[in-house]
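Engineer: Input file: upload-v2.cif. Contents: mmCIF, C-alpha atoms and all ligand atoms.
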```cif
data_data
loop_
_atom_site.label_atom_id
_atom_site.label_comp_id
_atom_site.auth_asym_id
_atom_site.auth_seq_id
_atom_site.Cartn_x
_atom_site.Cartn_y
_atom_site.Cartn_z
CA MET A 102 0.28 6.21 -27.35
CA THR A 103 -1.35 7.33 -24.14
CA SER A 104 -4.77 6.12 -23.18
CA THR A 105 -6.24 9.54 -23.81
CA ALA A 106 -4.69 9.71 -27.24
CA ARG A 107 -6.04 6.29 -28.06
CA LEU A 108 -9.53 7.23 -26.93
CA THR A 109 -9.30 10.37 -28.97
CA ALA A 110 -8.26 8.35 -31.97
CA LEU A 111 -11.19 6.04 -31.38
CA ALA A 112 -13.61 8.93 -31.04
CA LEU A 113 -12.17 10.50 -34.15
CA ALA A 114 -12.55 7.27 -36.06
CA ALA A 115 -16.18 7.05 -34.93
CA ALA A 116 -16.82 10.63 -35.97
CA LEU A 117 -15.13 10.10 -39.31
CA PHE A 118 -17.16 6.99 -39.78
CA ALA A 119 -20.40 8.81 -39.12
CA LEU A 120 -19.43 11.43 -41.70
CA THR A 121 -17.84 9.29 -44.33
CA GLY A 122 -18.87 5.73 -43.54
CA ALA A 123 -19.72 4.89 -47.13
CA ALA A 124 -16.45 6.21 -48.51
CA TRP A 125 -14.51 4.48 -45.78
CA ALA A 126 -16.05 1.12 -46.49
CA GLN A 127 -15.14 1.54 -50.12
CA ALA A 128 -11.48 2.00 -49.24
CA GLY A 129 -11.03 -1.74 -49.49
CA GLU A 130 -10.82 -3.03 -53.04
CA ASN A 131 -13.52 -5.42 -54.17
CA GLY A 132 -15.25 -5.26 -50.81
CA ALA A 133 -12.14 -6.32 -48.90
CA PRO A 134 -12.49 -5.61 -45.16
CA VAL A 135 -10.51 -2.67 -43.80
CA LEU A 136 -9.12 -3.07 -40.29
CA VAL A 137 -10.03 -0.02 -38.18
CA LEU A 138 -9.66 -1.27 -34.61
CA ASN A 139 -6.91 -3.43 -33.10
CA PRO A 140 -7.08 -3.58 -29.29
CA TYR A 141 -3.47 -4.78 -29.17
CA ALA A 142 -2.08 -2.10 -31.49
CA ASP A 143 0.13 -0.62 -28.78
CA VAL A 144 1.49 -3.91 -27.46
CA ASP A 145 5.16 -4.74 -27.95
CA TRP A 146 4.82 -8.51 -27.63
CA GLU A 147 8.58 -8.90 -27.16
CA THR A 148 8.74 -6.82 -24.01
CA PHE A 149 5.22 -6.42 -22.55
CA GLU A 150 4.20 -8.55 -19.56
CA HIS A 151 1.11 -10.78 -19.24
CA HIS A 152 -0.67 -10.30 -15.90
CA LYS A 153 -3.50 -12.53 -14.67
CA ALA A 154 -6.48 -10.63 -13.30
CA ALA A 155 -9.35 -11.73 -11.07
CA LEU A 156 -11.89 -8.95 -11.45
CA HIS A 157 -14.98 -10.47 -9.82
CA THR A 158 -14.44 -12.00 -6.37
CA HIS A 159 -16.34 -12.16 -3.09
CA THR A 160 -15.26 -12.37 0.53
CA LEU A 161 -16.97 -12.71 3.90
CA GLN A 162 -17.79 -9.01 3.48
CA SER A 163 -20.77 -10.24 1.46
CA ASP A 164 -21.67 -13.83 0.55
CA GLY A 165 -18.17 -15.19 -0.05
CA HIS A 166 -16.83 -17.98 2.14
CA HIS A 167 -13.40 -16.61 3.05
CA PRO A 168 -11.94 -13.57 4.77
CA LEU A 169 -10.18 -11.04 2.55
CA GLN A 170 -6.71 -12.12 3.70
CA GLU A 171 -7.34 -15.71 2.59
CA VAL A 172 -8.71 -14.63 -0.79
CA VAL A 173 -5.77 -12.36 -1.53
CA GLN A 174 -3.30 -15.01 -0.36
CA ALA A 175 -4.86 -17.65 -2.64
CA TYR A 176 -4.88 -15.47 -5.75
CA HIS A 177 -1.37 -14.23 -5.01
CA ASP A 178 -0.13 -17.81 -4.67
CA ALA A 179 -1.97 -18.76 -7.88
CA GLY A 180 0.06 -16.22 -9.82
CA PHE A 181 -2.50 -13.42 -10.06
CA THR A 182 -1.11 -9.90 -9.99
CA ILE A 183 -4.35 -7.93 -10.51
CA LEU A 184 -7.24 -8.38 -8.07
CA ALA A 185 -10.58 -6.63 -7.63
CA ILE A 186 -12.69 -7.57 -4.61
CA THR A 187 -16.28 -6.99 -5.74
CA ASP A 188 -18.54 -7.82 -2.82
CA HIS A 189 -22.28 -7.39 -3.30
CA ASP A 190 -23.34 -3.90 -2.29
CA THR A 191 -26.66 -5.37 -1.15
CA HIS A 192 -25.22 -7.81 1.42
CA GLU A 193 -24.12 -7.40 5.00
CA PRO A 194 -20.94 -9.28 5.95
CA ASN A 195 -20.85 -12.88 7.16
CA VAL A 196 -23.83 -14.20 5.20
CA HIS A 197 -22.50 -17.76 5.41
CA VAL A 198 -21.62 -17.49 9.08
CA ARG A 199 -25.24 -16.71 9.78
CA GLY A 200 -26.22 -19.47 7.35
CA GLY A 201 -24.05 -21.96 9.22
CA SER A 202 -21.64 -23.01 6.43
CA VAL A 203 -18.74 -20.91 7.75
CA ARG A 204 -17.68 -21.34 11.37
CA GLU A 205 -18.45 -18.57 13.82
CA GLU A 206 -14.78 -18.05 14.72
CA GLU A 207 -14.02 -17.23 11.06
CA ALA A 208 -16.56 -14.42 10.99
CA THR A 209 -15.06 -11.20 9.78
CA PRO A 210 -15.34 -8.40 12.35
CA TYR A 211 -14.95 -5.63 9.85
CA PRO A 212 -15.76 -2.90 9.27
CA ASP A 213 -15.47 -1.23 12.65
CA PRO A 214 -16.65 1.45 12.85
CA GLU A 215 -19.22 0.97 10.13
CA PRO A 216 -18.68 3.14 7.04
CA ASP A 217 -21.41 5.67 6.31
CA ASP A 218 -22.66 3.65 3.36
CA TYR A 219 -22.57 0.29 5.16
CA PRO A 220 -23.39 -2.35 3.94
CA ALA A 221 -22.98 -0.95 0.40
CA ASN A 222 -19.37 0.05 1.11
CA THR A 223 -16.53 -1.37 -0.96
CA THR A 224 -14.10 -3.85 0.61
CA TRP A 225 -11.39 -1.23 0.35
CA PRO A 226 -8.74 -0.30 1.30
CA TRP A 227 -7.60 -3.83 2.08
CA PRO A 228 -5.86 -3.00 5.40
CA ASP A 229 -9.23 -1.85 6.81
CA PHE A 230 -10.46 -5.40 6.22
CA GLY A 231 -7.53 -7.35 7.60
CA ALA A 232 -5.16 -7.81 4.64
CA PRO A 233 -1.95 -6.01 3.68
CA ALA A 234 -2.25 -3.40 0.91
CA PRO A 235 -1.86 -4.61 -2.71
CA ALA A 236 1.68 -3.20 -3.02
CA GLU A 237 2.77 -5.46 -0.15
CA TRP A 238 1.82 -8.41 -2.33
CA GLY A 239 3.32 -6.98 -5.51
CA MET A 240 -0.20 -6.71 -6.87
CA VAL A 241 -2.45 -4.09 -8.39
CA GLY A 242 -5.64 -3.92 -6.33
CA ILE A 243 -8.78 -2.37 -7.76
CA GLU A 244 -11.52 -0.90 -5.58
CA GLY A 245 -14.94 -2.16 -6.59
CA ASN A 246 -18.41 -3.44 -5.82
CA GLU A 247 -20.81 -5.80 -7.51
CA LEU A 248 -23.87 -3.61 -7.89
CA SER A 249 -26.50 -6.23 -7.20
CA ASP A 250 -29.88 -4.58 -6.75
CA ARG A 251 -30.87 -4.91 -10.44
CA HIS A 252 -28.81 -6.46 -13.26
CA HIS A 253 -25.54 -7.30 -11.57
CA MET A 254 -22.77 -4.98 -12.70
CA ASN A 255 -19.12 -4.82 -11.77
CA SER A 256 -18.30 -1.29 -10.68
CA LEU A 257 -14.55 -0.65 -10.54
CA TYR A 258 -12.22 2.23 -9.68
CA ASN A 259 -14.75 3.95 -7.43
CA ASP A 260 -16.54 3.53 -4.10
CA TYR A 261 -20.15 3.45 -5.27
CA GLY A 262 -22.66 1.15 -3.66
CA VAL A 263 -26.41 1.39 -4.15
CA LEU A 264 -28.10 2.28 -0.87
CA SER A 265 -31.53 3.28 -2.09
CA ARG A 266 -33.74 0.70 -3.75
CA ASP A 267 -35.13 2.89 -6.50
CA LYS A 268 -32.13 3.41 -8.79
CA ASP A 269 -32.31 1.63 -12.11
CA GLU A 270 -29.27 0.43 -14.03
CA ASP A 271 -28.94 3.64 -16.02
CA GLU A 272 -28.86 5.76 -12.88
CA GLN A 273 -26.34 3.39 -11.32
CA LEU A 274 -24.09 3.50 -14.39
CA HIS A 275 -24.24 7.29 -14.46
CA GLU A 276 -23.17 7.31 -10.82
CA VAL A 277 -20.21 5.06 -11.68
CA ARG A 278 -19.31 7.47 -14.50
CA ASP A 279 -19.64 10.53 -12.26
CA ARG A 280 -17.30 8.94 -9.72
CA GLY A 281 -14.68 8.28 -12.38
CA GLY A 282 -15.25 4.52 -12.43
CA LEU A 283 -15.54 1.80 -15.05
CA ALA A 284 -18.23 -0.89 -15.27
CA PHE A 285 -19.04 -4.12 -17.04
CA LEU A 286 -22.21 -6.22 -16.97
CA ASP A 287 -22.07 -9.50 -15.05
CA HIS A 288 -23.18 -13.06 -15.89
CA PRO A 289 -26.09 -12.26 -18.24
CA GLY A 290 -27.35 -15.82 -18.62
CA ILE A 291 -26.84 -17.12 -15.10
CA ASP A 292 -29.45 -19.76 -14.29
CA ALA A 293 -30.69 -18.96 -10.79
CA ASP A 294 -34.06 -18.43 -9.19
CA TRP A 295 -33.07 -14.93 -8.08
CA TRP A 296 -32.08 -13.85 -11.62
CA THR A 297 -34.27 -12.43 -14.36
CA ARG A 298 -32.76 -12.67 -17.81
CA GLN A 299 -33.10 -9.71 -20.16
CA PRO A 300 -33.73 -9.68 -23.90
CA VAL A 301 -30.90 -8.66 -26.22
CA GLU A 302 -32.69 -5.34 -26.81
CA TRP A 303 -32.15 -4.48 -23.16
CA TYR A 304 -28.38 -4.83 -23.63
CA VAL A 305 -28.51 -2.83 -26.85
CA GLU A 306 -30.20 0.02 -24.97
CA ARG A 307 -27.56 -0.01 -22.24
CA PHE A 308 -24.67 0.10 -24.69
CA GLU A 309 -26.40 2.84 -26.69
CA THR A 310 -27.08 4.87 -23.55
CA HIS A 311 -23.65 4.48 -21.96
CA GLY A 312 -20.39 5.18 -23.74
CA PRO A 313 -17.29 2.99 -23.90
CA GLU A 314 -15.40 5.47 -21.72
CA TYR A 315 -17.10 3.99 -18.63
CA LEU A 316 -19.28 1.00 -19.69
CA VAL A 317 -16.42 -1.05 -21.08
CA GLY A 318 -17.93 -4.46 -21.68
CA ILE A 319 -19.61 -7.62 -20.52
CA GLU A 320 -18.71 -10.87 -18.78
CA VAL A 321 -18.37 -13.59 -21.42
CA THR A 322 -16.97 -16.44 -19.35
CA ASN A 323 -17.58 -17.08 -15.68
CA CYS A 324 -18.10 -19.96 -13.27
CA SER A 325 -21.05 -21.43 -15.17
CA VAL A 326 -20.54 -24.09 -17.84
CA GLU A 327 -24.25 -24.71 -18.50
CA THR A 328 -24.94 -21.15 -19.63
CA GLU A 329 -21.69 -20.25 -21.37
CA LYS A 330 -23.21 -20.41 -24.86
CA TYR A 331 -25.78 -17.88 -23.70
CA ASP A 332 -23.14 -15.36 -22.68
CA GLU A 333 -20.89 -15.97 -25.68
CA GLY A 334 -23.85 -15.72 -28.04
CA LEU A 335 -24.98 -12.49 -26.43
CA TRP A 336 -21.49 -11.02 -26.86
CA ASP A 337 -21.46 -11.93 -30.56
CA GLN A 338 -24.95 -10.52 -30.99
CA LEU A 339 -23.84 -7.23 -29.45
CA LEU A 340 -20.56 -7.06 -31.35
CA ALA A 341 -22.48 -7.60 -34.58
CA ARG A 342 -24.55 -4.52 -33.77
CA PHE A 343 -21.90 -2.24 -32.28
CA MET A 344 -18.53 -2.96 -33.85
CA PRO A 345 -16.37 -1.31 -34.90
CA GLU A 346 -17.66 2.10 -33.74
CA ARG A 347 -18.45 1.06 -30.18
CA PRO A 348 -16.28 -1.80 -28.91
CA ILE A 349 -17.67 -4.04 -26.16
CA TRP A 350 -14.78 -5.78 -24.43
CA GLY A 351 -15.21 -9.35 -23.25
CA PHE A 352 -14.24 -10.25 -19.70
CA GLY A 353 -13.48 -13.61 -18.15
CA THR A 354 -14.15 -13.79 -14.42
CA ASP A 355 -14.85 -16.58 -11.98
CA ASP A 356 -17.35 -14.77 -9.72
CA MET A 357 -15.43 -16.50 -6.92
CA HIS A 358 -17.38 -17.23 -3.76
CA GLN A 359 -15.48 -20.38 -2.74
CA LEU A 360 -11.80 -21.01 -3.48
CA SER A 361 -12.47 -24.74 -3.57
CA SER A 362 -14.43 -24.64 -6.82
CA VAL A 363 -13.20 -22.14 -9.36
CA ARG A 364 -13.28 -22.57 -13.14
CA GLU A 365 -10.14 -20.54 -13.59
CA SER A 366 -12.04 -18.08 -15.73
CA HIS A 367 -9.94 -14.94 -15.68
CA SER A 368 -8.55 -12.11 -17.80
CA VAL A 369 -4.92 -11.51 -18.75
CA PHE A 370 -3.71 -7.93 -19.16
CA VAL A 371 -0.83 -7.20 -21.51
CA VAL A 372 1.02 -4.13 -20.22
CA ASP A 373 4.46 -2.60 -20.50
CA GLU A 374 4.77 -2.60 -16.74
CA LEU A 375 2.39 -3.43 -13.93
CA ASN A 376 0.89 -0.37 -12.26
CA ASP A 377 -2.50 1.17 -11.56
CA ALA A 378 -2.46 3.40 -14.64
CA SER A 379 -1.34 0.74 -17.12
CA VAL A 380 -4.00 -1.72 -15.96
CA ARG A 381 -6.79 0.84 -16.14
CA ALA A 382 -5.69 1.99 -19.61
CA ALA A 383 -5.59 -1.62 -20.79
CA MET A 384 -9.12 -2.19 -19.43
CA GLU A 385 -10.39 0.86 -21.30
CA ASP A 386 -8.66 -0.13 -24.53
CA GLY A 387 -9.41 -3.86 -24.57
CA GLN A 388 -5.72 -4.62 -24.23
CA PHE A 389 -6.33 -7.97 -22.55
CA TYR A 390 -7.55 -11.45 -23.38
CA PHE A 391 -9.40 -13.98 -21.25
CA ARG A 392 -9.44 -17.70 -20.56
CA LYS A 393 -11.62 -20.40 -19.11
CA SER A 394 -11.19 -23.98 -18.04
CA SER A 395 -14.11 -26.40 -17.81
CA ARG A 396 -12.50 -28.23 -14.87
CA ARG A 397 -13.20 -27.26 -11.32
CA ASN A 398 -10.11 -26.39 -9.36
CA ASP A 399 -9.21 -25.66 -5.78
CA PHE A 400 -6.66 -22.88 -5.76
CA ARG A 401 -5.52 -23.86 -2.30
CA GLU A 402 -4.72 -27.47 -3.20
CA ARG A 403 -3.85 -27.67 -6.88
CA ALA A 404 -1.68 -25.49 -9.05
CA PRO A 405 -3.61 -23.28 -11.44
CA ALA A 406 -3.82 -24.50 -15.03
CA GLU A 407 -1.43 -22.00 -16.62
CA GLU A 408 0.42 -24.72 -18.53
CA LEU A 409 -2.86 -26.29 -19.66
CA PHE A 410 -4.28 -23.19 -21.35
CA PRO A 411 -3.52 -22.18 -24.94
CA LEU A 412 -0.82 -19.53 -24.57
CA ILE A 413 -0.73 -16.37 -26.69
CA HIS A 414 2.80 -15.08 -27.30
CA ALA A 415 2.02 -12.42 -29.92
CA ILE A 416 -0.70 -11.20 -32.27
CA ASP A 417 0.92 -9.48 -35.23
CA VAL A 418 -1.04 -7.35 -37.66
CA ASP A 419 0.36 -6.52 -41.09
CA GLU A 420 -2.06 -3.91 -42.40
CA ASP A 421 -0.33 -3.63 -45.78
CA ALA A 422 -0.62 -7.34 -46.42
CA GLY A 423 -3.99 -7.55 -44.67
CA VAL A 424 -2.86 -10.34 -42.40
CA ILE A 425 -3.29 -11.11 -38.68
CA THR A 426 -1.01 -13.82 -37.27
CA VAL A 427 -1.27 -15.43 -33.84
CA ASP A 428 1.92 -16.78 -32.34
CA ALA A 429 0.66 -19.29 -29.78
CA SER A 430 1.46 -22.64 -28.21
CA ASN A 431 -0.43 -25.33 -26.35
CA TYR A 432 -3.49 -25.39 -28.59
CA ASP A 433 -5.38 -27.86 -30.77
CA VAL A 434 -7.18 -25.30 -32.88
CA ILE A 435 -7.32 -21.56 -33.51
CA GLN A 436 -10.73 -20.27 -34.61
CA TRP A 437 -11.52 -16.89 -36.17
CA ILE A 438 -15.07 -15.82 -35.41
CA THR A 439 -17.14 -13.07 -37.02
CA ALA A 440 -20.74 -11.89 -36.68
CA PRO A 441 -23.56 -14.43 -36.37
CA GLU A 442 -25.43 -15.31 -39.53
CA SER A 443 -28.59 -13.77 -38.12
CA LEU A 444 -29.59 -11.25 -35.47
CA GLU A 445 -32.94 -12.97 -34.98
CA PRO A 446 -33.41 -15.03 -31.81
CA VAL A 447 -33.74 -18.76 -32.34
CA ALA A 448 -35.24 -19.65 -28.95
CA ASP A 449 -36.71 -18.08 -25.83
CA TYR A 450 -34.00 -16.17 -23.96
CA GLU A 451 -35.67 -16.83 -20.63
CA THR A 452 -35.56 -20.61 -20.88
CA SER A 453 -33.00 -21.56 -23.55
CA ASN A 454 -29.26 -21.57 -22.91
CA GLU A 455 -28.61 -20.86 -26.58
CA PRO A 456 -31.28 -18.37 -27.62
CA TRP A 457 -29.16 -16.52 -30.20
CA PRO A 458 -26.96 -17.68 -33.07
CA LEU A 459 -23.31 -17.55 -32.06
CA GLY A 460 -20.65 -15.88 -34.17
CA GLN A 461 -19.59 -17.77 -37.27
CA VAL A 462 -16.25 -19.53 -37.44
CA VAL A 463 -14.85 -18.24 -40.73
CA HIS A 464 -11.33 -19.63 -40.57
CA GLU A 465 -9.07 -21.99 -38.65
CA GLY A 466 -5.31 -21.69 -38.29
CA ALA A 467 -2.68 -19.27 -37.00
CA THR A 468 -2.96 -16.76 -39.86
CA LEU A 469 -5.95 -14.84 -41.16
CA ASN A 470 -5.65 -13.16 -44.53
CA TYR A 471 -8.53 -10.79 -43.91
CA GLN A 472 -8.28 -8.88 -47.16
CA GLU A 473 -9.38 -12.04 -48.92
CA MET A 474 -12.37 -12.56 -46.63
CA PRO A 475 -15.26 -10.33 -47.70
CA GLU A 476 -17.49 -12.41 -45.43
CA LEU A 477 -15.93 -10.76 -42.36
CA ASP A 478 -18.71 -8.68 -40.88
CA ARG A 479 -17.71 -5.79 -38.62
CA TYR A 480 -15.34 -7.78 -36.42
CA VAL A 481 -13.28 -10.87 -35.93
CA ARG A 482 -12.28 -12.40 -32.61
CA ILE A 483 -10.01 -15.34 -31.94
CA GLU A 484 -10.58 -18.45 -29.82
CA LEU A 485 -7.85 -20.98 -29.08
CA HIS A 486 -8.94 -24.38 -27.79
CA ARG A 487 -7.10 -27.21 -26.12
CA GLU A 488 -8.71 -30.46 -25.04
CA ASP A 489 -7.36 -32.49 -22.17
CA GLY A 490 -9.39 -35.60 -21.55
CA GLU A 491 -12.81 -34.48 -20.41
CA ASP A 492 -11.79 -30.89 -20.04
CA ILE A 493 -11.45 -28.03 -22.45
CA TYR A 494 -9.23 -25.01 -21.99
CA ARG A 495 -10.03 -21.93 -24.04
CA THR A 496 -8.35 -18.59 -24.62
CA PHE A 497 -10.36 -15.70 -26.13
CA THR A 498 -9.11 -12.44 -27.60
CA ASN A 499 -11.00 -9.19 -27.73
CA PRO A 500 -12.47 -8.26 -31.12
CA PHE A 501 -10.69 -6.61 -34.02
CA GLY A 502 -12.93 -4.15 -35.84
CA PHE A 503 -13.51 -3.82 -39.57
CA ALA A 504 -15.30 -1.09 -41.46
CA PRO A 505 -18.66 -2.54 -42.37
CA ALA A 506 -19.15 -3.48 -46.01
CA GLU A 507 -21.51 -1.46 -48.20
ZN ZN B 1 -23.71 -11.54 -9.50
ZN ZN B 2 -20.59 -12.05 -8.02
#
```
What would you get if you wrote out this structure as structure tokens?
Structural biologist:
Amino acid sequence: MTSTARLTALALAAALFALTGAAWAQAGENGAPVLVLNPYADVDWETFEHHKAALHTHTLQSDGHHPLQEVVQAYHDAGFTILAITDHDTHEPNVHVRGGSVREEEATPYPDPEPDDYPANTTWPWPDFGAPAPAEWGMVGIEGNELSDRHHMNSLYNDYGVLSRDKDEDEQLHEVRDRGGLAFLDHPGIDADWWTRQPVEWYVERFETHGPEYLVGIEVTNCSVETEKYDEGLWDQLLARFMPERPIWGFGTDDMHQLSSVRESHSVFVVDELNDASVRAAMEDGQFYFRKSSRRNDFRERAPAEELFPLIHAIDVDEDAGVITVDASNYDVIQWITAPESLEPVADYETSNEPWPLGQVVHEGATLNYQEMPELDRYVRIELHREDGEDIYRTFTNPFGFAPAE
């Protein structure tokens, strides 16, 4: 199915739900959940390819520590085939040269001449900033910016950068939409003196105001370990409110500023073949999963942890039998997670790193017989864990949607 057809099907399902929600929920016998959204429905797991994506990275064009060429080279050598450079639209280049932590001779001279929207310009196209074009690397490159004046947001597939200081997030997201772009919200719980956390209601408003055709999701794993329960809990809290009508895809990114200390948090796109259109369609449809390691790694010195992560080979859905089966390797446990027990906060979101109840683990094992699980509430997502000494390697799927019970 084409992306458009899938979106149409999704919109149709939402419309049908609005009209006949009660009847639809009753379609399952004895309150059995009815699967209405499978982000991997179009994947042929035998033939599709898995492509690692770094969607949130910085270079010397803002406050990153490396020139573009070095960043692309490192991700290319680490096996990444999809790369978005998302420099802060609020920063001039060479922040760390001026700060003294990057040597003067490494300063990036670009752009010359300055683009009209400097310094809010995107680091794109790559040859203007000293690196060969994505095709030369066998990669898909995505134009983007980290919109950084308010809540940080990854803006992709367009050239927007916020020049004026009076545009709120809604105006920024509408601009991304009008330029044909996609966006997701960055590192909600990051613990930094320059960051103001928002209550869950703020996120609810954004996802009510902006449709899934351009606001596709939220960062769930990133470079922080201390605040990861915050971000995961927020995702579950939002999924519990919005699934299955309005999916919110989860993204893993590393917010890379320094290649010497990444967490290997990234997303993996499952596509029939690697090209610009297939990657964008997969981003819109949630046809990807994401992973995170707790260890710090230096991409330039140590091989990435591919063989240490739980590996997903297939996710098969048998709708007649009401069964989802994960074919995976390299894991200790497979958890199936549904909505949190409560939507009430349990602590102060500004100071606690776990202010909301996380989703409930309702099952462990490779197979979920969902028709026999009336406790499934609106969605189920899958986490695969593998421990290795002190470190934990996790793989997360996007959510499957169920018609809500009566
Ligand atoms: Zn940020
Ligand atoms: Zn960032």
Engineer: Can you pull out the residues contacting A:Arg401? Cut-off 9 Å, using all atoms listed in the file, and skip same-chain residues under 4 positions away; I want them as a VMD selection string.
Structural biologist: chain A and resid 175 178 to 179 360 to 361
Engineer: Calculate how many Å separate atom CA of A:Ala341 from atom CA of A:Ser325, rounding to one decimal.
Structural biologist: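 Answer for the atom CA of A:Ala341 to atom CA of A:Ser325 separation: 23.9 Å.
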Engineer: Scan for residues within 8 Å of the point (-19.2, -4.0, -12.6) in the coordinates of the file, using all atoms listed in the file, and reply as a ChimeraX atom specification.
Structural biologist: /A:245-248,253-257,283-287
Engineer: In Å, rounded to a single decimal, give me how far atom CA of A:Tyr141 is from atom CA of A:Pro500.
Structural biologist: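 Straight-line distance from atom CA of A:Pro500 to atom CA of A:Tyr141 works out to 9.8 Å.
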Engineer: With distances taken over only C-alpha atoms and all ligand atoms, which residue among A:Asp492, A:Glu314, A:Glu147, A:Glu320 lies nearest ligand ZN 2 (chain B)?
Structural biologist: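 Distance minimum relative to ligand ZN 2 (chain B) lands on A:Glu320.
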Engineer: Find the residue from A:Pro134, A:Pro194, A:Pro289, A:Pro228 that sits nearest to ligand ZN 1 (chain B); use all atoms listed in the file when measuring.
Structural biologist: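 Distance minimum relative to ligand ZN 1 (chain B) lands on A:Pro289.
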Engineer: As a quick test: using all atoms listed in the file, which residues lie no more than 12 Å away from ligand ZN 1 (chain B)? Give them as a PyMOL selection string.
Structural biologist: chain A and resi 157-159+163-165+187-192+246-256+285-293+295-297+320+323-325+354-358
Engineer: Ranking A:Gly351, A:Pro226, A:Gly502, A:Pro220 by minimum distance to A:Asp332 and counting all atoms listed in the file, which one comes first?
Structural biologist: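 Selected residue with least distance to A:Asp332: A:Gly351.
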Engineer: Find the residues around stretch 364-374 of chain A up to 6 Å (all atoms listed in the file counted), leave out those fewer than 2 positions away in its own chain, and share them as a PDB file with C-alpha atoms, in the frame of the given file.
Structural biologist:
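Wrote it out as out25.pdb, contents follow:
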```pdb
ATOM      1  CA  PHE A 149       5.220  -6.420 -22.550  1.00  0.00           C
ATOM      2  CA  GLU A 150       4.200  -8.550 -19.560  1.00  0.00           C
ATOM      3  CA  HIS A 151       1.110 -10.780 -19.240  1.00  0.00           C
ATOM      4  CA  HIS A 152      -0.670 -10.300 -15.900  1.00  0.00           C
ATOM      5  CA  LYS A 153      -3.500 -12.530 -14.670  1.00  0.00           C
ATOM      6  CA  ALA A 154      -6.480 -10.630 -13.300  1.00  0.00           C
ATOM      7  CA  ALA A 155      -9.350 -11.730 -11.070  1.00  0.00           C
ATOM      8  CA  ASN A 323     -17.580 -17.080 -15.680  1.00  0.00           C
ATOM      9  CA  CYS A 324     -18.100 -19.960 -13.270  1.00  0.00           C
ATOM     10  CA  GLY A 353     -13.480 -13.610 -18.150  1.00  0.00           C
ATOM     11  CA  THR A 354     -14.150 -13.790 -14.420  1.00  0.00           C
ATOM     12  CA  ASP A 355     -14.850 -16.580 -11.980  1.00  0.00           C
ATOM     13  CA  PHE A 389      -6.330  -7.970 -22.550  1.00  0.00           C
ATOM     14  CA  TYR A 390      -7.550 -11.450 -23.380  1.00  0.00           C
ATOM     15  CA  PHE A 391      -9.400 -13.980 -21.250  1.00  0.00           C
ATOM     16  CA  ARG A 392      -9.440 -17.700 -20.560  1.00  0.00           C
ATOM     17  CA  LYS A 393     -11.620 -20.400 -19.110  1.00  0.00           C
ATOM     18  CA  SER A 394     -11.190 -23.980 -18.040  1.00  0.00           C
ATOM     19  CA  ARG A 396     -12.500 -28.230 -14.870  1.00  0.00           C
ATOM     20  CA  ARG A 397     -13.200 -27.260 -11.320  1.00  0.00           C
TER      21      ARG A 397
END
```
Engineer: Using all atoms listed in the file, pick whichever of A:Asn398, A:Gln170, A:Ser265, A:Thr439 has the shortest atom-to-atom distance to A:Gly334.
Structural biologist: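 Residue with the minimum atom-to-atom distance to A:Gly334: A:Thr439.
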Engineer: Please, what distance in Å, to one decimal, runs between atom CA of A:Trp457 and atom CA of A:His311?
Structural biologist: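 Going from atom CA of A:Trp457 over to atom CA of A:His311 covers 23.2 Å.
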Engineer: Env of stretch 475-479 of chain A: 9 Å cut, atoms = only C-alpha atoms, seq-sep filter 2 positions within chain, self excluded. Answer as a ChimeraX atom specification.
Structural biologist: /A:131-134,340-345,438-441,463,471-473,481,501-506
Engineer: When you count all atoms listed in the file, which of these residues is closest to A:Arg381: A:Asn470, A:His177, A:Gly312, A:Glu244?
Structural biologist: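 Smallest separation from A:Arg381 among the options: A:Glu244.
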